[in-house]
file coords05.cif (mmCIF, C-alpha atoms)
data_coords
#
loop_
_atom_site.label_atom_id
_atom_site.label_comp_id
_atom_site.auth_asym_id
_atom_site.auth_seq_id
_atom_site.Cartn_x
_atom_site.Cartn_y
_atom_site.Cartn_z
CA MET A 11 17.10 -46.47 -43.95
CA THR A 12 13.46 -47.47 -43.78
CA ALA A 13 10.72 -45.07 -42.79
CA PRO A 14 6.93 -45.22 -42.92
CA VAL A 15 5.55 -44.43 -46.36
CA ASP A 16 1.76 -44.56 -45.97
CA ASN A 17 -0.68 -42.11 -44.37
CA LEU A 18 1.94 -39.44 -43.86
CA VAL A 19 0.83 -35.87 -43.25
CA ARG A 20 2.60 -32.64 -44.17
CA ALA A 21 1.44 -29.07 -43.63
CA TRP A 22 2.47 -25.90 -45.47
CA ALA A 23 2.29 -22.51 -43.79
CA SER A 24 2.40 -19.66 -46.27
CA PRO A 25 0.18 -16.79 -47.41
CA ALA A 26 -0.02 -18.63 -50.75
CA ALA A 27 -1.21 -21.90 -49.20
CA VAL A 28 -4.93 -21.06 -48.92
CA GLU A 29 -6.69 -18.13 -50.58
CA LEU A 30 -10.21 -17.22 -51.69
CA ARG A 31 -11.19 -15.92 -55.10
CA ASP A 32 -14.54 -14.41 -55.93
CA ALA A 33 -16.49 -15.86 -58.83
CA GLY A 34 -18.39 -12.71 -59.74
CA SER A 35 -20.75 -12.87 -56.76
CA GLY A 36 -18.22 -11.57 -54.26
CA ASP A 37 -18.76 -14.51 -51.90
CA GLY A 38 -15.33 -16.10 -52.38
CA SER A 39 -16.51 -19.37 -53.87
CA THR A 40 -13.12 -20.66 -55.07
CA MET A 41 -10.35 -21.74 -52.70
CA LEU A 42 -6.90 -21.91 -54.26
CA GLY A 43 -3.23 -22.09 -53.49
CA HIS A 44 -0.38 -24.56 -53.08
CA PHE A 45 -0.75 -27.33 -50.52
CA ALA A 46 2.84 -28.51 -51.12
CA VAL A 47 6.07 -26.97 -52.38
CA TYR A 48 8.85 -28.55 -54.41
CA ASP A 49 12.56 -28.69 -53.65
CA VAL A 50 12.35 -27.26 -50.13
CA TRP A 51 14.27 -29.22 -47.50
CA THR A 52 12.18 -30.00 -44.45
CA GLU A 53 13.53 -31.34 -41.17
CA ILE A 54 11.34 -34.23 -40.02
CA HIS A 55 11.35 -34.99 -36.30
CA SER A 56 8.70 -37.58 -35.59
CA MET A 57 8.11 -40.33 -33.04
CA PHE A 58 6.46 -42.31 -35.85
CA GLU A 59 8.66 -41.45 -38.84
CA GLY A 60 12.07 -40.76 -37.33
CA ASP A 61 14.56 -37.92 -37.86
CA PHE A 62 15.76 -36.95 -41.33
CA LEU A 63 15.63 -34.26 -44.02
CA GLU A 64 13.01 -34.49 -46.74
CA ARG A 65 12.09 -32.72 -49.95
CA ILE A 66 9.46 -33.29 -52.63
CA ALA A 67 10.81 -33.45 -56.16
CA PRO A 68 9.11 -31.43 -58.93
CA GLY A 69 6.35 -33.46 -60.57
CA ALA A 70 5.97 -35.91 -57.67
CA PHE A 71 2.19 -35.39 -57.74
CA ASP A 72 1.74 -35.63 -61.51
CA ASP A 73 0.77 -39.32 -61.67
CA THR A 74 -1.68 -39.11 -58.78
CA PHE A 75 -3.32 -36.01 -60.28
CA LYS A 76 -3.90 -37.95 -63.51
CA ALA A 77 -4.97 -41.25 -61.95
CA ARG A 78 -6.83 -40.26 -58.78
CA ALA A 79 -8.15 -36.73 -59.28
CA GLY A 80 -11.76 -37.87 -58.85
CA GLN A 81 -10.98 -39.69 -55.60
CA ILE A 82 -9.08 -36.92 -53.82
CA ARG A 83 -11.09 -35.23 -51.07
CA VAL A 84 -10.86 -31.71 -49.68
CA LEU A 85 -11.31 -31.71 -45.90
CA TYR A 86 -10.77 -29.33 -43.03
CA ASP A 87 -8.06 -30.59 -40.66
CA HIS A 88 -8.25 -34.09 -42.22
CA GLY A 89 -11.72 -34.64 -40.84
CA ALA A 90 -10.62 -34.14 -37.23
CA ASP A 91 -12.69 -31.03 -36.49
CA PRO A 92 -15.49 -32.04 -34.10
CA MET A 93 -18.05 -29.77 -35.78
CA ILE A 94 -17.27 -30.28 -39.48
CA GLY A 95 -15.99 -33.85 -39.25
CA ASN A 96 -15.40 -35.54 -42.60
CA LYS A 97 -17.74 -33.35 -44.66
CA PRO A 98 -15.96 -32.33 -47.89
CA LEU A 99 -15.46 -28.62 -48.42
CA GLY A 100 -15.77 -28.66 -52.19
CA THR A 101 -14.77 -30.21 -55.49
CA PRO A 102 -11.24 -29.91 -56.88
CA LYS A 103 -11.49 -28.30 -60.31
CA VAL A 104 -7.75 -27.81 -60.88
CA LEU A 105 -4.93 -30.04 -59.65
CA ARG A 106 -1.56 -29.53 -61.30
CA SER A 107 2.13 -29.03 -60.74
CA ASP A 108 3.77 -25.69 -61.41
CA LYS A 109 7.17 -24.22 -60.66
CA THR A 110 6.24 -23.74 -56.99
CA GLY A 111 4.60 -27.06 -56.15
CA ALA A 112 1.18 -28.69 -56.07
CA TYR A 113 -1.39 -26.11 -57.13
CA TYR A 114 -5.13 -26.49 -56.60
CA GLU A 115 -8.42 -24.72 -57.20
CA VAL A 116 -11.49 -25.95 -55.32
CA GLU A 117 -15.06 -24.91 -55.98
CA LEU A 118 -16.44 -24.58 -52.46
CA PHE A 119 -19.87 -25.84 -51.54
CA ASP A 120 -22.53 -23.34 -50.53
CA SER A 121 -23.11 -24.81 -47.08
CA SER A 122 -23.13 -23.43 -43.56
CA TYR A 123 -20.02 -25.30 -42.42
CA VAL A 124 -18.02 -24.06 -45.43
CA ASN A 125 -19.27 -20.49 -45.07
CA ASP A 126 -18.18 -20.56 -41.43
CA LEU A 127 -14.61 -21.21 -42.60
CA LYS A 128 -14.49 -18.44 -45.18
CA PRO A 129 -13.58 -15.54 -42.83
CA ALA A 130 -10.58 -17.50 -41.52
CA ILE A 131 -9.46 -18.35 -45.07
CA ARG A 132 -9.97 -14.79 -46.29
CA SER A 133 -7.94 -13.34 -43.42
CA GLY A 134 -4.98 -15.66 -44.03
CA GLN A 135 -5.35 -17.52 -40.73
CA LEU A 136 -5.17 -21.02 -42.25
CA GLY A 137 -2.48 -23.08 -43.90
CA ALA A 138 -2.76 -26.21 -46.03
CA SER A 139 -2.10 -29.85 -45.22
CA PHE A 140 -2.16 -33.09 -47.19
CA ARG A 141 -2.21 -36.84 -46.41
CA PHE A 142 -0.38 -39.14 -48.79
CA LYS A 143 1.57 -42.29 -49.55
CA VAL A 144 5.13 -42.28 -50.84
CA THR A 145 5.31 -44.42 -54.00
CA GLU A 146 8.84 -43.53 -55.13
CA GLU A 147 11.77 -42.18 -53.13
CA THR A 148 15.54 -42.00 -52.94
CA TRP A 149 17.70 -41.80 -49.82
CA ASP A 150 21.16 -40.41 -49.16
CA LEU A 151 22.56 -42.07 -46.04
CA THR A 152 26.10 -40.71 -46.25
CA GLY A 153 25.52 -38.16 -43.50
CA ASP A 154 27.36 -35.46 -45.42
CA ARG A 155 27.04 -32.02 -43.89
CA ALA A 156 25.93 -29.12 -46.05
CA ASP A 157 24.40 -25.67 -45.67
CA TYR A 158 20.93 -27.20 -45.91
CA ASN A 159 21.95 -30.13 -43.69
CA PRO A 160 24.30 -28.85 -40.97
CA ASP A 161 23.67 -31.87 -38.72
CA GLY A 162 24.43 -34.44 -41.40
CA LEU A 163 21.01 -36.11 -41.28
CA ASP A 164 19.90 -38.79 -43.71
CA THR A 165 18.00 -37.21 -46.59
CA ARG A 166 14.92 -38.40 -48.45
CA THR A 167 13.79 -37.13 -51.83
CA ILE A 168 10.20 -38.06 -52.64
CA THR A 169 9.70 -38.53 -56.38
CA GLY A 170 6.27 -40.20 -56.41
CA ILE A 171 3.15 -39.62 -54.31
CA ASP A 172 -0.37 -41.00 -54.01
CA LEU A 173 -2.49 -38.15 -52.67
CA TYR A 174 -5.48 -39.06 -50.49
CA GLU A 175 -6.75 -35.71 -49.27
CA PHE A 176 -5.78 -32.11 -48.65
CA GLY A 177 -7.30 -28.96 -47.24
CA PRO A 178 -6.98 -26.05 -44.83
CA VAL A 179 -5.71 -26.46 -41.27
CA THR A 180 -5.52 -24.04 -38.36
CA PHE A 181 -1.98 -24.75 -37.10
CA PRO A 182 0.19 -25.72 -40.08
CA ALA A 183 3.53 -24.42 -38.80
CA TYR A 184 5.67 -25.13 -35.78
CA PRO A 185 5.03 -22.59 -32.99
CA GLU A 186 8.31 -20.77 -33.67
CA ALA A 187 7.79 -20.51 -37.42
CA SER A 188 5.19 -18.78 -39.57
CA VAL A 189 6.33 -20.17 -42.93
CA GLY A 190 7.57 -23.63 -43.83
CA LEU A 191 6.69 -27.27 -44.33
CA ARG A 192 6.29 -29.61 -41.37
CA SER A 193 5.28 -33.15 -40.53
CA ARG A 194 1.91 -33.59 -38.84
CA THR A 195 1.95 -37.38 -39.04
CA ASP A 196 2.30 -37.72 -35.26
CA GLU A 197 -0.86 -35.66 -34.80
CA PHE A 198 -2.71 -37.87 -37.28
CA VAL A 199 -1.52 -40.94 -35.37
CA GLU A 200 -2.59 -39.37 -32.08
CA HIS A 201 -6.14 -38.98 -33.39
CA PHE A 202 -6.27 -42.72 -33.97
CA LEU A 203 -4.90 -43.40 -30.49
CA ARG A 204 -7.17 -41.10 -28.51
CA ASP A 205 -10.22 -40.11 -30.54
CA PRO A 206 -12.77 -42.85 -31.27
CA ALA A 207 -15.05 -40.31 -32.98
CA PHE A 208 -12.27 -39.49 -35.44
CA VAL A 209 -11.72 -43.20 -36.09
CA ALA A 210 -15.44 -43.60 -36.76
CA ARG A 211 -15.51 -40.68 -39.20
CA PHE A 212 -12.35 -41.83 -40.92
CA THR A 213 -13.68 -45.39 -41.25
CA GLU A 214 -16.88 -44.06 -42.78
CA ARG A 215 -14.85 -42.15 -45.36
CA ALA A 216 -11.98 -44.55 -46.08
CA GLY A 217 -13.45 -47.95 -45.27
CA LEU A 218 -12.78 -50.52 -42.58
CA ALA A 219 -9.93 -52.23 -44.46
CA THR A 220 -8.00 -48.96 -44.72
CA THR A 221 -8.55 -48.16 -41.05
CA GLU A 222 -7.35 -51.59 -39.96
CA ARG A 223 -4.26 -51.27 -42.17
CA ILE A 224 -3.40 -47.96 -40.52
CA LEU A 225 -3.93 -49.32 -37.03
CA ALA A 226 -1.60 -52.22 -37.82
CA THR A 227 1.22 -49.74 -38.51
CA LEU A 228 0.85 -47.64 -35.36
CA PRO A 229 3.56 -47.78 -32.71
CA PRO A 230 2.71 -50.09 -29.78
CA THR A 231 3.45 -47.47 -27.15
CA ALA A 232 3.09 -43.75 -26.77
CA PRO A 233 5.73 -41.39 -25.33
CA VAL A 234 5.44 -40.54 -21.64
CA ALA A 235 6.90 -37.64 -19.75
CA ALA A 236 10.49 -38.22 -18.69
CA GLU A 237 11.29 -38.34 -14.97
CA THR A 238 14.28 -36.89 -13.14
CA PRO A 239 17.11 -39.47 -13.16
CA ASN A 240 18.04 -41.03 -9.83
CA GLU A 241 20.98 -43.42 -9.78
CA ALA A 242 19.71 -45.31 -6.74
CA THR A 243 16.39 -46.14 -8.34
CA ASP A 244 17.23 -46.36 -12.05
CA GLY A 245 16.07 -49.97 -12.37
CA ALA A 246 12.83 -49.38 -10.48
CA ARG A 247 12.09 -46.24 -12.47
CA GLU A 248 12.66 -48.06 -15.76
CA ASP A 249 10.25 -50.78 -14.69
CA ASP A 250 7.70 -48.21 -13.49
CA GLU A 251 7.98 -46.35 -16.79
CA TYR A 252 7.43 -49.57 -18.73
CA GLN A 253 4.33 -50.38 -16.67
CA ARG A 254 3.01 -46.85 -17.16
CA ARG A 255 3.46 -47.20 -20.90
CA LEU A 256 1.48 -50.43 -20.88
CA ARG A 257 -1.32 -48.94 -18.80
CA ARG A 258 -1.49 -45.77 -20.87
CA HIS A 259 -1.47 -47.71 -24.11
CA ALA A 260 -4.25 -50.04 -22.91
CA HIS A 261 -6.34 -47.08 -21.78
CA ARG A 262 -5.91 -45.21 -25.04
CA VAL A 263 -6.46 -48.02 -27.52
CA ALA A 264 -9.44 -49.66 -25.82
CA PRO A 265 -12.10 -47.23 -27.18
CA PHE A 266 -11.23 -47.57 -30.84
CA VAL A 267 -10.64 -51.33 -30.53
CA ASP A 268 -14.18 -51.63 -29.15
CA HIS A 269 -15.43 -49.36 -31.91
CA LEU A 270 -13.80 -51.40 -34.67
CA ALA A 271 -15.12 -54.62 -33.15
CA SER A 272 -18.64 -53.22 -33.30
CA LEU A 273 -18.11 -52.21 -36.92
CA LYS A 274 -17.00 -55.73 -37.82
CA ASP A 275 -20.11 -57.17 -36.14
CA HIS A 276 -22.35 -55.10 -38.41
CA ARG A 277 -20.58 -55.62 -41.73
#
call {"tool": "encode", "arguments": {"input": "coords05.cif", "output": "structure tokens"}}
result
Amino acid sequence: MTAPVDNLVRAWASPAAVELRDAGSGDGSTMLGHFAVYDVWTEIHSMFEGDFLERIAPGAFDDTFKARAGQIRVLYDHGADPMIGNKPLGTPKVLRSDKTGAYYEVELFDSSYVNDLKPAIRSGQLGASFRFKVTEETWDLTGDRADYNPDGLDTRTITGIDLYEFGPVTFPAYPEASVGLRSRTDEFVEHFLRDPAFVARFTERAGLATTERILATLPPTAPVAAETPNEATDGAREDDEYQRRLRRHAHRVAPFVDHLASLKDHR
């Protein structure tokens, strides 16, 4: 099985995902927790990635912590928040693996946009999310059923990761769950498809080459609402749905295509 490996997004909802610790002043200047957990099977259902089970092997982040610690950014909602944008929240002072997963400590900046987030962090209202690239993985395609895999899905074990960014998010879990790991890759893709301002902020942070590489991997169409089947008009409905997909896609991609064209003109 092949699945996308770059610019994937996972979110972890747990009381231990994002916490504040006072540094003597009582202002909660250190954010800490685990933004990922090891050896927990997660069911991935994604228009972009597909359907399978996934887990992160212990130590999967070790190489990226050693090689890229100074390049990893701490952002709120991956830079998608319209007020905070791609402003970093602080500087990672600790990045390491422990028996639970990927542990971090971040020295928060003393800025208005960070201080506005502190009540939500302190009250446990936020989870943690991270964007990454899979560098090493193994797949089991046998479809064997097990207690952790009752539907016999393909399984992926991630053994190596390049970490780009991590940080707090408002909605880390699925609506029916308060604790667990989930894919938010589709939401990240949606920002590229419908939010030119996000594309502009991301390009400023990551560079035009990275943005163009991501756009080249996006699916050519977006899902549309299904219609009630009608045997007499199945062919016409299929054609209408195809045309709607084309129109919707053209409408959604035009703003960021224009934006990227203007960026190229000013390089």
call {"tool": "atom_distance", "arguments": {"input": "coords05.cif", "atom1": "CA of Gly137 in chain A", "atom2": "CA of Lys103 in chain A"}}
result
19.4 Å
call {"tool": "resolve_selection", "arguments": {"input": "coords05.cif", "expression": "the PyMOL selection byres ((chain A and resi 64) around 9)", "output": "VMD selection string"}}
result
chain A and resid 50 to 54 62 to 63 65 to 66 164 to 168
call {"tool": "residues_around", "arguments": {"input": "coords05.cif", "residues": "Ala77 in chain A", "least_positions_apart": "3", "cutoff": "12 Å", "atoms": "all atoms listed in the file", "output": "short mmCIF file (atom, residue, chain, number, x, y, z; two decimals) with C-alpha atoms, in the frame of the given file"}}
result
data_model
loop_
_atom_site.label_atom_id
_atom_site.label_comp_id
_atom_site.auth_asym_id
_atom_site.auth_seq_id
_atom_site.Cartn_x
_atom_site.Cartn_y
_atom_site.Cartn_z
CA PHE A 71 2.19 -35.39 -57.74
CA ASP A 72 1.74 -35.63 -61.51
CA ASP A 73 0.77 -39.32 -61.67
CA THR A 74 -1.68 -39.11 -58.78
CA GLY A 80 -11.76 -37.87 -58.85
CA GLN A 81 -10.98 -39.69 -55.60
CA ILE A 82 -9.08 -36.92 -53.82
CA LEU A 105 -4.93 -30.04 -59.65
CA ILE A 171 3.15 -39.62 -54.31
CA ASP A 172 -0.37 -41.00 -54.01
CA LEU A 173 -2.49 -38.15 -52.67
CA TYR A 174 -5.48 -39.06 -50.49
#
call {"tool": "atom_distance", "arguments": {"input": "coords05.cif", "atom1": "CA of Phe119 in chain A", "atom2": "CA of Ala216 in chain A"}}
result
21.0 Å
call {"tool": "axis_aligned_box", "arguments": {"input": "coords05.cif", "around": "range 150-168 of chain A", "padding_each_side": "6 Å", "output": "JSON"}}
result
{"center_x": 18.8, "center_y": -33.9, "center_z": -45.7, "size_x": 29.2, "size_y": 28.4, "size_z": 25.9}
call {"tool": "resolve_selection", "arguments": {"input": "coords05.cif", "expression": "the PyMOL selection byres ((chain A and resi 113) around 12)", "output": "VMD selection string"}}
result
chain A and resid 26 to 29 41 to 48 68 to 69 71 to 72 75 102 to 112 114 to 116 138 176 to 177
call {"tool": "atom_distance", "arguments": {"input": "coords05.cif", "atom1": "CA of Pro129 in chain A", "atom2": "CA of Arg141 in chain A"}}
result
24.4 Å
call {"tool": "resolve_selection", "arguments": {"input": "coords05.cif", "expression": "the PyMOL selection byres ((chain A and resi 147) around 9)", "output": "number ranges by chain"}}
result
A: 144-146, 148-149, 166-170
call {"tool": "write_last_selection", "arguments": {"input": "coords05.cif", "atoms": "C-alpha atoms", "output": "PDB file, in the coordinates of the input"}}
result
ATOM      1  CA  VAL A 144       5.130 -42.280 -50.840  1.00  0.00           C
ATOM      2  CA  THR A 145       5.310 -44.420 -54.000  1.00  0.00           C
ATOM      3  CA  GLU A 146       8.840 -43.530 -55.130  1.00  0.00           C
ATOM      4  CA  THR A 148      15.540 -42.000 -52.940  1.00  0.00           C
ATOM      5  CA  TRP A 149      17.700 -41.800 -49.820  1.00  0.00           C
ATOM      6  CA  ARG A 166      14.920 -38.400 -48.450  1.00  0.00           C
ATOM      7  CA  THR A 167      13.790 -37.130 -51.830  1.00  0.00           C
ATOM      8  CA  ILE A 168      10.200 -38.060 -52.640  1.00  0.00           C
ATOM      9  CA  THR A 169       9.700 -38.530 -56.380  1.00  0.00           C
ATOM     10  CA  GLY A 170       6.270 -40.200 -56.410  1.00  0.00           C
TER      11      GLY A 170
END
call {"tool": "closest_residue", "arguments": {"input": "coords05.cif", "among": "A:Ser24, A:Asp61, A:Val19, A:Pro178", "to": "Pro98 in chain A", "atoms": "only C-alpha atoms"}}
result
A:Pro178
call {"tool": "residues_near_point", "arguments": {"input": "coords05.cif", "point": "(-8.6, -45.2, -37.7)", "cutoff": "9 Å", "atoms": "all atoms listed in the file", "output": "PyMOL selection string"}}
result
chain A and resi 199+201-203+205-206+208-213+218+220-225+266+270
call {"tool": "closest_residue", "arguments": {"input": "coords05.cif", "among": "A:Thr40, A:Phe58, A:Gly95, A:Pro25", "to": "Ser193 in chain A", "atoms": "all atoms listed in the file"}}
result
A:Phe58
call {"tool": "residues_around", "arguments": {"input": "coords05.cif", "residues": "Thr195 in chain A", "least_positions_apart": "3", "cutoff": "12 Å", "atoms": "all atoms listed in the file", "output": "ChimeraX atom specification"}}
result
/A:14-21,54-60,88,139-143,182,192,198-202,224,228
call {"tool": "closest_residue", "arguments": {"input": "coords05.cif", "among": "A:Asn125, A:Phe181, A:Thr12, A:Met93", "to": "Asp150 in chain A", "atoms": "all atoms listed in the file"}}
result
A:Thr12
call {"tool": "residues_around", "arguments": {"input": "coords05.cif", "residues": "Gly153 in chain A", "least_positions_apart": "5", "cutoff": "10 Å", "atoms": "only C-alpha atoms", "output": "PyMOL selection string"}}
result
chain A and resi 159-165
call {"tool": "write_last_selection", "arguments": {"input": "coords05.cif", "atoms": "C-alpha atoms", "output": "JSON list (two decimals), keeping the file's coordinate frame"}}
result
[["chain", "number", "residue", "atom", "x", "y", "z"],
["A", 159, "ASN", "CA", 21.95, -30.13, -43.69],
["A", 160, "PRO", "CA", 24.30, -28.85, -40.97],
["A", 161, "ASP", "CA", 23.67, -31.87, -38.72],
["A", 162, "GLY", "CA", 24.43, -34.44, -41.40],
["A", 163, "LEU", "CA", 21.01, -36.11, -41.28],
["A", 164, "ASP", "CA", 19.90, -38.79, -43.71],
["A", 165, "THR", "CA", 18.00, -37.21, -46.59]]
